[in-house]
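Asks: query-v6.csv (CSV, C-alpha atoms and all ligand atoms) pasted underneath:
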```
chain,number,residue,atom,x,y,z
L,155,MET,CA,108.9,64.8,70.9
L,156,GLU,CA,112.2,66.8,70.9
L,157,TYR,CA,114.3,64.2,72.7
L,158,PHE,CA,113.9,60.7,73.9
L,159,THR,CA,114.5,59.6,77.5
L,160,ASN,CA,114.0,56.1,79.0
L,161,PRO,CA,111.2,56.5,81.6
L,162,TYR,CA,113.0,54.6,84.3
L,163,ASN,CA,112.0,55.0,87.9
L,164,PHE,CA,114.3,53.8,90.7
L,165,VAL,CA,112.9,52.2,93.8
L,166,PRO,CA,115.2,51.7,96.7
L,167,PHE,CA,115.6,48.3,98.4
L,168,THR,CA,113.8,48.1,101.7
L,169,GLY,CA,114.5,45.4,104.3
L,170,THR,CA,115.8,42.0,103.2
L,171,CYS,CA,114.9,39.6,100.4
L,172,LYS,CA,112.8,37.0,102.2
L,173,ARG,CA,113.3,33.6,100.6
L,174,GLY,CA,111.7,30.2,101.1
L,175,ALA,CA,110.7,26.9,99.5
L,176,LEU,CA,107.9,26.8,96.9
L,177,THR,CA,105.1,25.1,98.9
L,178,LEU,CA,101.7,25.0,97.4
L,179,GLY,CA,98.6,24.3,99.6
L,180,PRO,CA,95.1,23.6,98.2
L,181,LYS,CA,94.2,27.3,98.5
L,182,GLU,CA,97.1,28.3,96.3
L,183,CYS,CA,96.3,25.9,93.5
L,184,LEU,CA,93.6,27.9,91.9
L,185,THR,CA,93.7,28.4,88.1
L,186,GLY,CA,92.0,31.0,86.0
L,187,TYR,CA,92.5,34.0,83.7
L,188,PHE,CA,91.5,37.6,83.3
L,189,ASP,CA,91.3,39.9,80.4
L,190,CYS,CA,93.0,43.3,80.4
L,191,GLU,CA,92.6,46.4,78.3
L,192,LEU,CA,95.7,48.4,77.6
L,193,GLU,CA,95.8,52.0,76.5
L,194,LEU,CA,98.9,53.6,75.2
L,195,LEU,CA,99.7,57.0,76.8
L,196,THR,CA,103.0,57.5,75.0
L,197,PRO,CA,104.3,56.4,71.6
L,198,LEU,CA,105.7,52.9,71.7
L,199,PHE,CA,108.0,50.9,69.6
L,200,ILE,CA,108.6,47.2,69.5
L,201,PRO,CA,110.4,45.8,66.4
L,202,ASN,CA,109.2,43.1,64.1
L,203,THR,CA,112.5,41.3,63.9
L,204,SER,CA,111.7,39.1,60.9
L,205,ASN,CA,113.1,41.8,58.6
L,206,LYS,CA,115.7,44.3,59.9
L,207,SER,CA,115.6,46.5,56.8
L,208,ALA,CA,111.8,46.6,56.3
L,209,LEU,CA,111.7,50.4,56.3
L,210,CYS,CA,114.9,50.9,54.2
L,211,ASN,CA,115.1,52.0,50.6
L,212,GLU,CA,117.4,50.4,48.1
L,213,GLU,CA,120.4,52.7,48.9
L,214,GLU,CA,119.9,52.2,52.7
L,215,ARG,CA,119.8,48.4,52.2
L,216,ILE,CA,123.1,48.4,50.3
L,217,LYS,CA,124.6,50.4,53.1
L,218,LYS,CA,123.2,47.8,55.6
L,219,TYR,CA,121.1,50.3,57.5
L,220,THR,CA,118.5,49.0,59.8
L,221,GLY,CA,114.8,50.0,59.8
L,222,TYR,CA,112.3,47.9,61.6
L,223,GLU,CA,108.5,47.8,61.1
L,224,PHE,CA,106.4,47.6,64.3
L,225,CYS,CA,105.8,44.2,65.8
L,226,SER,CA,103.0,42.2,64.1
L,227,TYR,CA,102.3,38.5,63.4
L,228,GLU,CA,103.4,39.1,59.8
L,229,ASP,CA,106.6,37.5,58.5
L,230,LEU,CA,108.3,40.3,56.7
L,231,SER,CA,111.4,38.4,55.7
L,232,GLY,CA,112.4,38.4,52.0
L,233,ASP,CA,112.1,41.1,49.4
L,234,THR,CA,109.9,43.6,51.3
L,235,ARG,CA,110.1,47.2,50.0
L,236,LEU,CA,109.2,50.4,51.8
L,237,GLY,CA,105.6,51.2,51.4
L,238,LYS,CA,104.8,47.9,49.8
L,239,ALA,CA,104.6,46.0,53.0
L,240,GLY,CA,102.6,48.6,54.8
L,241,PRO,CA,101.8,48.6,58.5
L,242,LYS,CA,100.1,45.5,59.8
L,243,ASP,CA,97.9,45.0,62.9
L,244,PRO,CA,100.3,46.0,65.7
L,245,VAL,CA,100.9,43.5,68.5
L,246,ILE,CA,102.6,43.9,71.9
L,247,PRO,CA,104.1,40.5,72.7
L,248,GLY,CA,103.1,38.9,76.0
L,249,SER,CA,106.8,38.6,76.9
L,250,GLU,CA,107.2,42.4,76.8
L,251,ILE,CA,104.2,42.8,79.2
L,252,ARG,CA,105.4,40.0,81.4
L,253,GLY,CA,108.8,41.7,81.8
L,254,ALA,CA,107.2,45.0,82.8
L,255,VAL,CA,104.8,43.3,85.2
L,256,ARG,CA,107.6,41.2,86.8
L,257,SER,CA,109.8,44.2,87.5
L,258,VAL,CA,107.0,46.1,89.1
L,259,TYR,CA,106.2,43.0,91.2
L,260,GLU,CA,109.9,42.6,92.2
L,261,ALA,CA,110.0,46.2,93.3
L,262,ALA,CA,106.7,46.1,95.2
L,263,PHE,CA,107.1,42.7,97.0
L,264,GLY,CA,110.9,42.4,97.7
L,265,GLY,CA,111.8,40.2,94.8
L,266,CYS,CA,115.4,39.5,93.8
L,267,MET,CA,117.1,41.4,90.9
L,268,SER,CA,116.5,38.5,88.6
L,269,THR,CA,117.8,39.9,85.4
L,270,MET,CA,120.9,41.6,86.7
L,271,ARG,CA,124.4,40.4,85.5
L,272,VAL,CA,126.0,40.4,88.9
L,273,ASP,CA,129.5,39.1,88.3
L,274,GLY,CA,131.1,41.6,86.0
L,275,ALA,CA,133.7,44.0,87.3
L,276,LEU,CA,132.5,47.5,87.9
L,277,GLY,CA,134.5,50.3,86.4
L,278,ARG,CA,134.4,53.9,85.6
L,279,ARG,CA,136.1,55.5,82.7
L,280,ASN,CA,137.6,58.9,83.3
L,281,PRO,CA,138.0,60.7,80.0
L,282,SER,CA,140.1,63.6,81.3
L,283,PRO,CA,143.9,63.2,81.0
L,284,LYS,CA,145.8,62.6,84.2
L,285,ARG,CA,148.5,65.0,85.2
L,286,PRO,CA,151.5,64.5,87.4
L,287,GLY,CA,151.6,66.4,90.7
L,288,ILE,CA,153.3,66.5,94.1
L,289,MET,CA,151.0,66.3,97.1
L,290,GLU,CA,152.3,67.8,100.4
L,291,ARG,CA,150.9,67.8,103.9
L,292,GLU,CA,151.1,71.3,105.3
L,293,GLY,CA,150.5,71.4,109.1
L,294,LYS,CA,146.9,71.2,110.1
L,295,ASN,CA,145.7,72.7,106.8
L,296,GLY,CA,145.7,69.3,105.1
L,297,TRP,CA,147.1,68.3,101.8
L,298,TYR,CA,148.1,70.6,98.9
L,299,LEU,CA,148.8,69.6,95.3
L,300,TYR,CA,151.5,71.2,93.2
L,301,PRO,CA,151.3,70.6,89.4
L,302,CYS,CA,154.4,69.1,87.9
L,303,GLU,CA,155.9,67.8,84.7
L,304,ARG,CA,157.0,64.3,84.1
L,305,ALA,CA,160.3,63.1,82.6
L,306,MET,CA,161.5,59.6,81.7
L,307,LEU,CA,164.4,58.1,83.6
L,308,ASN,CA,166.4,55.2,82.1
L,309,ALA,CA,166.1,52.6,84.8
L,310,GLY,CA,165.0,49.8,82.6
L,311,PRO,CA,165.5,48.2,79.2
L,312,THR,CA,166.2,51.3,77.0
L,313,ARG,CA,169.1,53.2,75.6
L,314,GLU,CA,167.6,56.7,75.9
L,315,GLY,CA,169.3,58.8,78.7
L,316,GLN,CA,171.9,58.0,81.3
L,317,LYS,CA,171.4,54.5,82.7
L,318,MET,CA,170.6,54.1,86.4
L,319,PRO,CA,172.1,50.8,87.5
L,320,VAL,CA,169.6,48.3,88.8
L,321,GLU,CA,171.2,48.2,92.3
L,322,VAL,CA,171.1,52.0,92.5
L,323,TYR,CA,167.5,52.1,91.4
L,324,ALA,CA,166.6,49.4,94.0
L,325,SER,CA,168.3,51.3,96.8
L,326,LEU,CA,166.3,54.5,96.2
L,327,LYS,CA,163.0,55.1,97.9
L,328,GLU,CA,159.8,56.5,96.4
L,329,GLY,CA,160.0,60.3,96.3
L,330,GLN,CA,163.9,60.4,96.3
L,331,LEU,CA,165.1,63.8,95.3
L,332,LEU,CA,167.3,63.8,92.2
L,333,TRP,CA,169.1,66.5,90.2
L,334,ILE,CA,168.4,66.0,86.5
L,335,LYS,CA,169.4,67.5,83.2
L,336,LEU,CA,166.7,67.1,80.6
L,337,SER,CA,166.9,66.3,76.9
L,338,GLU,CA,166.2,69.1,74.5
L,339,ASN,CA,163.7,67.1,72.5
L,340,ARG,CA,160.9,64.9,73.7
L,341,TYR,CA,161.2,61.1,73.5
L,342,LYS,CA,161.3,59.9,69.9
L,343,ASN,CA,160.7,63.6,68.9
L,344,ARG,CA,157.0,63.1,69.4
L,345,ASN,CA,155.3,66.1,71.0
L,346,TYR,CA,152.9,64.0,73.1
L,347,MET,CA,155.8,62.2,74.8
L,348,ASP,CA,157.8,63.4,77.8
L,349,LYS,CA,161.4,64.6,77.9
L,350,VAL,CA,164.1,62.1,78.8
L,351,VAL,CA,166.5,62.5,81.8
L,352,GLU,CA,169.8,62.9,79.9
L,353,ARG,CA,171.9,63.1,83.1
L,354,TYR,CA,171.1,62.6,86.7
L,355,LYS,CA,172.8,63.0,90.1
L,356,ILE,CA,171.8,61.9,93.5
L,357,PRO,CA,172.2,65.1,95.7
L,358,ASP,CA,175.4,64.9,97.7
L,359,GLY,CA,175.1,68.0,99.9
L,360,GLY,CA,176.8,70.2,97.4
L,361,ARG,CA,175.4,72.8,95.0
L,362,ILE,CA,173.1,71.8,92.2
L,363,PRO,CA,175.1,71.8,88.9
L,364,ASP,CA,174.3,74.3,86.2
L,365,GLY,CA,171.7,73.2,83.8
L,366,TYR,CA,170.2,70.7,86.3
L,367,CYS,CA,166.8,71.0,88.1
L,368,GLN,CA,165.2,69.2,91.0
L,369,ALA,CA,163.1,66.1,90.4
L,370,TRP,CA,161.5,63.4,92.5
L,371,LEU,CA,161.6,59.7,91.6
L,372,HIS,CA,158.2,58.1,91.3
L,373,LYS,CA,158.5,54.3,91.4
L,374,GLY,CA,155.7,52.8,89.4
L,375,GLU,CA,154.7,49.3,88.5
L,376,PRO,CA,157.5,46.8,87.8
L,377,PHE,CA,159.3,46.9,84.4
L,378,GLY,CA,157.5,44.5,82.0
L,379,LYS,CA,157.0,44.2,78.3
L,380,LYS,CA,155.6,47.6,77.8
L,381,LYS,CA,157.3,49.8,80.3
L,382,HIS,CA,160.7,51.1,79.3
L,383,HIS,CA,161.3,54.1,81.6
L,384,GLU,CA,160.7,55.1,85.2
L,385,SER,CA,159.1,58.5,85.9
L,386,VAL,CA,160.5,61.5,87.7
L,387,PHE,CA,158.4,64.6,88.5
L,388,TYR,CA,160.0,68.0,88.1
L,389,CYS,CA,159.1,71.7,87.6
L,390,LYS,CA,157.0,71.8,90.7
L,391,ASN,CA,154.7,74.8,90.3
L,392,GLU,CA,154.6,76.7,93.6
L,393,GLU,CA,152.2,79.3,92.3
L,394,ARG,CA,149.4,77.0,91.2
L,395,LYS,CA,149.1,75.0,94.4
L,396,MET,CA,145.6,73.6,95.0
L,397,LEU,CA,144.0,72.4,98.2
L,398,VAL,CA,143.1,68.7,98.0
L,399,PRO,CA,139.5,68.2,99.2
L,400,GLU,CA,139.3,65.8,102.2
L,401,GLU,CA,137.1,63.3,100.4
L,402,GLU,CA,139.5,63.1,97.5
L,403,TYR,CA,142.4,62.4,99.9
L,404,ARG,CA,140.3,59.6,101.5
L,405,ALA,CA,139.5,58.1,98.1
L,406,TYR,CA,143.2,58.2,97.3
L,407,GLN,CA,144.0,56.3,100.5
L,408,GLN,CA,141.5,53.6,99.4
L,409,VAL,CA,143.1,53.3,96.0
L,410,MET,CA,146.5,53.0,97.7
L,411,ASP,CA,145.2,50.2,100.0
L,412,LYS,CA,144.0,48.4,97.0
L,413,TYR,CA,147.4,48.7,95.2
L,414,LYS,CA,149.2,47.5,98.3
L,415,ASP,CA,147.0,44.4,98.3
L,416,GLY,CA,148.2,43.8,94.7
L,417,LYS,CA,151.8,44.6,95.7
L,418,ALA,CA,152.2,46.8,92.6
L,419,TYR,CA,153.2,49.9,94.5
L,420,SER,CA,154.9,48.6,97.5
L,421,ALA,CA,157.7,51.2,97.6
L,422,SER,CA,157.4,53.2,100.8
L,423,PRO,CA,157.9,56.9,100.5
L,424,ILE,CA,161.1,58.7,101.7
L,425,ASP,CA,158.9,61.4,103.2
L,426,GLU,CA,155.4,60.6,104.5
L,427,ASN,CA,154.4,64.2,104.0
L,428,ARG,CA,155.2,64.2,100.3
L,429,VAL,CA,153.4,62.0,97.8
L,430,LEU,CA,153.7,61.8,94.0
L,431,VAL,CA,150.4,61.3,92.3
L,432,TYR,CA,148.5,61.6,89.1
L,433,TYR,CA,145.3,63.7,89.2
L,434,VAL,CA,142.6,65.2,87.1
L,435,ASN,CA,142.2,69.0,87.3
L,436,GLN,CA,138.5,69.7,87.5
L,437,ASN,CA,138.1,73.5,87.4
L,438,GLY,CA,141.0,74.0,89.7
L,439,VAL,CA,140.2,71.2,92.1
L,440,PRO,CA,142.5,68.1,92.0
L,441,ARG,CA,140.4,64.9,91.8
L,442,ASN,CA,140.8,61.2,91.1
L,443,LEU,CA,144.2,61.0,92.7
L,444,SER,CA,146.1,57.7,92.0
L,445,PRO,CA,149.6,56.4,91.9
L,446,ALA,CA,149.4,55.4,88.2
L,447,CYS,CA,148.6,57.3,85.1
L,448,ILE,CA,145.6,55.2,84.2
L,449,GLY,CA,142.3,56.6,82.8
L,450,ASN,CA,140.2,53.7,83.7
L,451,GLU,CA,139.6,52.9,87.3
L,452,ILE,CA,138.3,49.4,88.2
L,453,PHE,CA,136.5,48.9,91.4
L,454,GLN,CA,136.9,45.6,93.1
L,455,LYS,CA,133.2,45.3,94.0
L,456,THR,CA,130.7,43.4,91.9
L,457,PHE,CA,127.0,43.9,91.8
L,458,ARG,CA,126.6,40.6,93.5
L,459,LYS,CA,128.6,41.8,96.5
L,460,ILE,CA,126.7,45.0,96.6
L,461,LEU,CA,123.3,43.2,96.5
L,462,GLU,CA,124.4,40.6,99.0
L,463,SER,CA,125.3,43.3,101.5
L,464,ASN,CA,122.2,45.4,100.9
L,465,GLY,CA,119.4,42.9,101.9
L,466,GLY,CA,120.4,39.9,99.8
L,467,PHE,CA,118.7,40.9,96.5
L,468,GLN,CA,121.1,39.0,94.3
L,469,PRO,CA,119.3,36.7,91.8
L,470,CYS,CA,117.9,33.4,93.2
L,471,VAL,CA,119.9,30.3,92.4
L,472,ASP,CA,118.4,27.6,94.6
L,473,MET,CA,114.9,26.2,94.1
L,474,SER,CA,114.5,25.7,97.8
L,475,GLU,CA,115.3,29.3,98.5
L,476,LEU,CA,113.0,31.4,96.3
L,477,CYS,CA,112.1,35.1,96.6
L,478,PRO,CA,108.4,36.1,96.2
L,479,ALA,CA,108.9,37.0,92.5
L,480,CYS,CA,110.7,33.9,91.5
L,481,LYS,CA,107.9,31.8,93.2
L,482,ILE,CA,105.4,33.3,90.8
L,483,PHE,CA,107.4,34.1,87.6
L,484,GLY,CA,109.9,31.3,87.8
L,485,MET,CA,113.6,31.2,87.6
L,486,VAL,CA,116.6,29.4,86.0
L,487,SER,CA,119.6,29.0,88.2
L,488,ASP,CA,122.8,30.4,86.7
L,489,GLY,CA,126.0,28.4,86.4
L,490,ASN,CA,127.4,28.7,89.9
L,491,GLY,CA,125.8,26.3,92.3
L,492,THR,CA,123.1,25.3,89.9
L,493,LYS,CA,120.2,24.0,91.9
L,494,GLY,CA,117.5,23.7,89.3
L,495,ALA,CA,114.8,25.7,87.8
L,496,VAL,CA,111.2,26.6,88.7
L,497,CYS,CA,108.6,27.2,86.0
L,498,SER,CA,106.3,30.2,85.9
L,499,ARG,CA,102.8,30.1,87.4
L,500,VAL,CA,101.5,32.9,85.2
L,501,ARG,CA,101.3,33.3,81.5
L,502,PHE,CA,100.8,36.5,79.5
L,503,ALA,CA,99.2,36.5,76.2
L,504,ASP,CA,99.9,39.1,73.5
L,505,ALA,CA,98.1,42.4,73.4
L,506,CYS,CA,96.2,42.7,70.1
L,507,LEU,CA,93.8,45.2,68.6
L,508,GLY,CA,90.4,44.3,69.9
L,509,GLY,CA,86.7,45.2,69.9
L,510,THR,CA,85.9,47.9,67.4
L,511,LEU,CA,89.5,48.4,66.5
L,512,GLY,CA,90.4,46.6,63.3
L,513,SER,CA,92.5,46.2,60.3
L,514,GLU,CA,90.7,48.7,57.9
L,515,ASN,CA,92.2,51.8,59.5
L,516,VAL,CA,95.4,50.2,60.7
L,517,GLU,CA,97.5,53.2,59.5
L,518,ASP,CA,95.8,55.4,62.1
L,519,TYR,CA,97.7,53.6,64.9
L,520,TYR,CA,101.1,54.6,63.5
L,521,GLY,CA,103.0,57.8,63.8
L,522,PRO,CA,105.4,59.0,61.1
L,523,CYS,CA,108.7,57.0,60.7
L,524,VAL,CA,111.3,58.2,63.2
L,525,VAL,CA,115.1,58.1,62.6
L,526,LEU,CA,116.8,57.6,65.9
L,527,PRO,CA,119.8,59.8,66.6
L,528,GLU,CA,123.2,58.2,66.8
L,529,ALA,CA,123.7,56.1,70.0
L,530,GLY,CA,120.0,56.7,70.6
J,601,ZN,ZN,114.3,35.5,93.0
```
When written as structure tokens, how does the structure in this file appear?

Replies:
Amino acid sequence: MEYFTNPYNFVPFTGTCKRGALTLGPKECLTGYFDCELELLTPLFIPNTSNKSALCNEEERIKKYTGYEFCSYEDLSGDTRLGKAGPKDPVIPGSEIRGAVRSVYEAAFGGCMSTMRVDGALGRRNPSPKRPGIMEREGKNGWYLYPCERAMLNAGPTREGQKMPVEVYASLKEGQLLWIKLSENRYKNRNYMDKVVERYKIPDGGRIPDGYCQAWLHKGEPFGKKKHHESVFYCKNEERKMLVPEEEYRAYQQVMDKYKDGKAYSASPIDENRVLVYYVNQNGVPRNLSPACIGNEIFQKTFRKILESNGGFQPCVDMSELCPACKIFGMVSDGNGTKGAVCSRVRFADACLGGTLGSENVEDYYGPCVVLPEAG
């Protein structure tokens, strides 16, 4: 086995989750059991959690490494040493089998997604650094992005660079053209920081002064505890202009709609055909456009909302409204709108060695010890 992969198989939802009350007629009140035989087709590992360093030597124990023995009825807690304990009769707990059977039943018979944590926020982490850019609409050809640099404008609580009075800042619109003179060094002399706007001028129809360059004001989120400067974009690179794919522009509009809801970026632009954005350069294609330089984008949707609008497969919470799987395997309502619990109508026993298989040659059932790769 050169690498390990979880053998998941994804089954799409079909139709809707049909729920009803648990009503048992005489024909449904049968009891009984059946025996099953189980043959392993791949290696399997289930830990015996009574000792988490059962397979560790002295040094590994001191370093608090973990090495589990396979699941058995043996209590391995205490001073067990590698090789001394030895493998015991392996056992597959009934709870493991039950979980696997239930998820197949849920997929086959339209059960709810009973084990899903449905209320966490969905997010996606984008590891690539975001870069400043100016996006311009050019006739019918769509939007193009020009890479830029960013500099820090003193419009807040700082002493670095020429101060822009609050009332001037408030009167300017998003995307306002400025003439700026940059500091020689970066902020606090740190090479990962941007340069500071040493002097600025609001263009007055005259000539741009020597030593100044064009820049565009990007009004970000309000000044708070952390934010000390406003941003201006400058050094617009005409030669490296990139076409913005249509789907990326649409995604950007959605991000903007969301920001407008939160009122964080309410400044309306001075020119509707010029937008200041941050983007990720993915092999020459601008992607993940957003008004802020954040690496982690949070979606507003939760799994619950997605499941509700895709057939209602969110976990059951009401004992009078049970899906086919919860009727058989039971459910416990979560905190919101708790309406009781329903016990399971099936029970799974553990899978043990049986028949001619026995304790004498128990080693034969085990492969060599495997060290899992990091994050494996
Ligand atoms: Zn259910």

Asks: Around ligand ZN 601 (chain J), out to 7 Å and counting all atoms listed in the file, which residues are there? I want them as a list in words.

Replies: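 Sorted by chain and then by number, the residues are Gly265, Cys266, Met267, Ser268, Pro469, Cys470, Leu476, Cys477, Pro478, Ala479, Cys480 and Met485 of chain L.
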
Asks: Choose the residue, out of L:Met289, L:Leu299, L:Val245, L:Ile482, that has the smallest atom-to-atom separation from Phe263 (chain L); count all atoms listed in the file.

Replies: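 Closest residue, counting all atoms listed in the file: L:Ile482.
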
Asks: Of the candidates L:Val350, L:Val471, L:Cys183, L:Val431, which one gets nearest to Ala446 (chain L) if we count only C-alpha atoms?

Replies: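 Nearest to Ala446 (chain L): L:Val431.
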
Asks: Which is closest to Arg340 (chain L) among L:Pro166, L:Glu328, L:Arg304, L:Thr196, if we use all atoms listed in the file?

Replies: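 The closest residue to Arg340 (chain L) is L:Arg304.
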
Asks: Compare L:Gln468, L:Asn515, L:Gln408, L:Thr456 by their minimum atom-to-atom distance to Phe167 (chain L), counting all atoms listed in the file, and give me the closest one.

Replies: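 Ranking L:Gln468, L:Asn515, L:Gln408, L:Thr456 by distance to Phe167 (chain L), first place goes to L:Gln468.
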
Asks: How many Å separate CA of Tyr388 (chain L) from CA of Gln330 (chain L)?

Replies: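 The value is 11.8 Å.
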
Asks: Just give me the gap between CA of Val386 (chain L) and CA of Cys367 (chain L) in Å, one decimal is fine.

Replies: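 We find that CA of Val386 (chain L) and CA of Cys367 (chain L) lie 11.4 Å from each other.
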
Asks: Go ahead and find all residues with at least one atom no further than 12 Å from (173.0, 58.6, 74.2) in the file's coordinates, using all atoms listed in the file; report them as a count of residues only.

Replies: 12

Asks: What separation in Å, quoted to one decimal, exists between CA of Arg404 (chain L) and CA of Tyr432 (chain L)?

Replies: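 Separating CA of Arg404 (chain L) from CA of Tyr432 (chain L) is a distance of 15.0 Å.
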
Asks: What's around Ser463 (chain L) at 12 Å? Count only C-alpha atoms, leave out sequence neighbours fewer than 4 positions away in its own chain, and write the answer as number ranges by chain.

Replies: L: 167, 169-171, 455-459, 467-468

Asks: Can you pull out every residue within 12 Å of Cys190 (chain L), counting only C-alpha atoms, but drop anything in the same chain fewer than 5 positions away, and send it as a VMD selection string?

Replies: chain L and resid 248 251 502 to 508
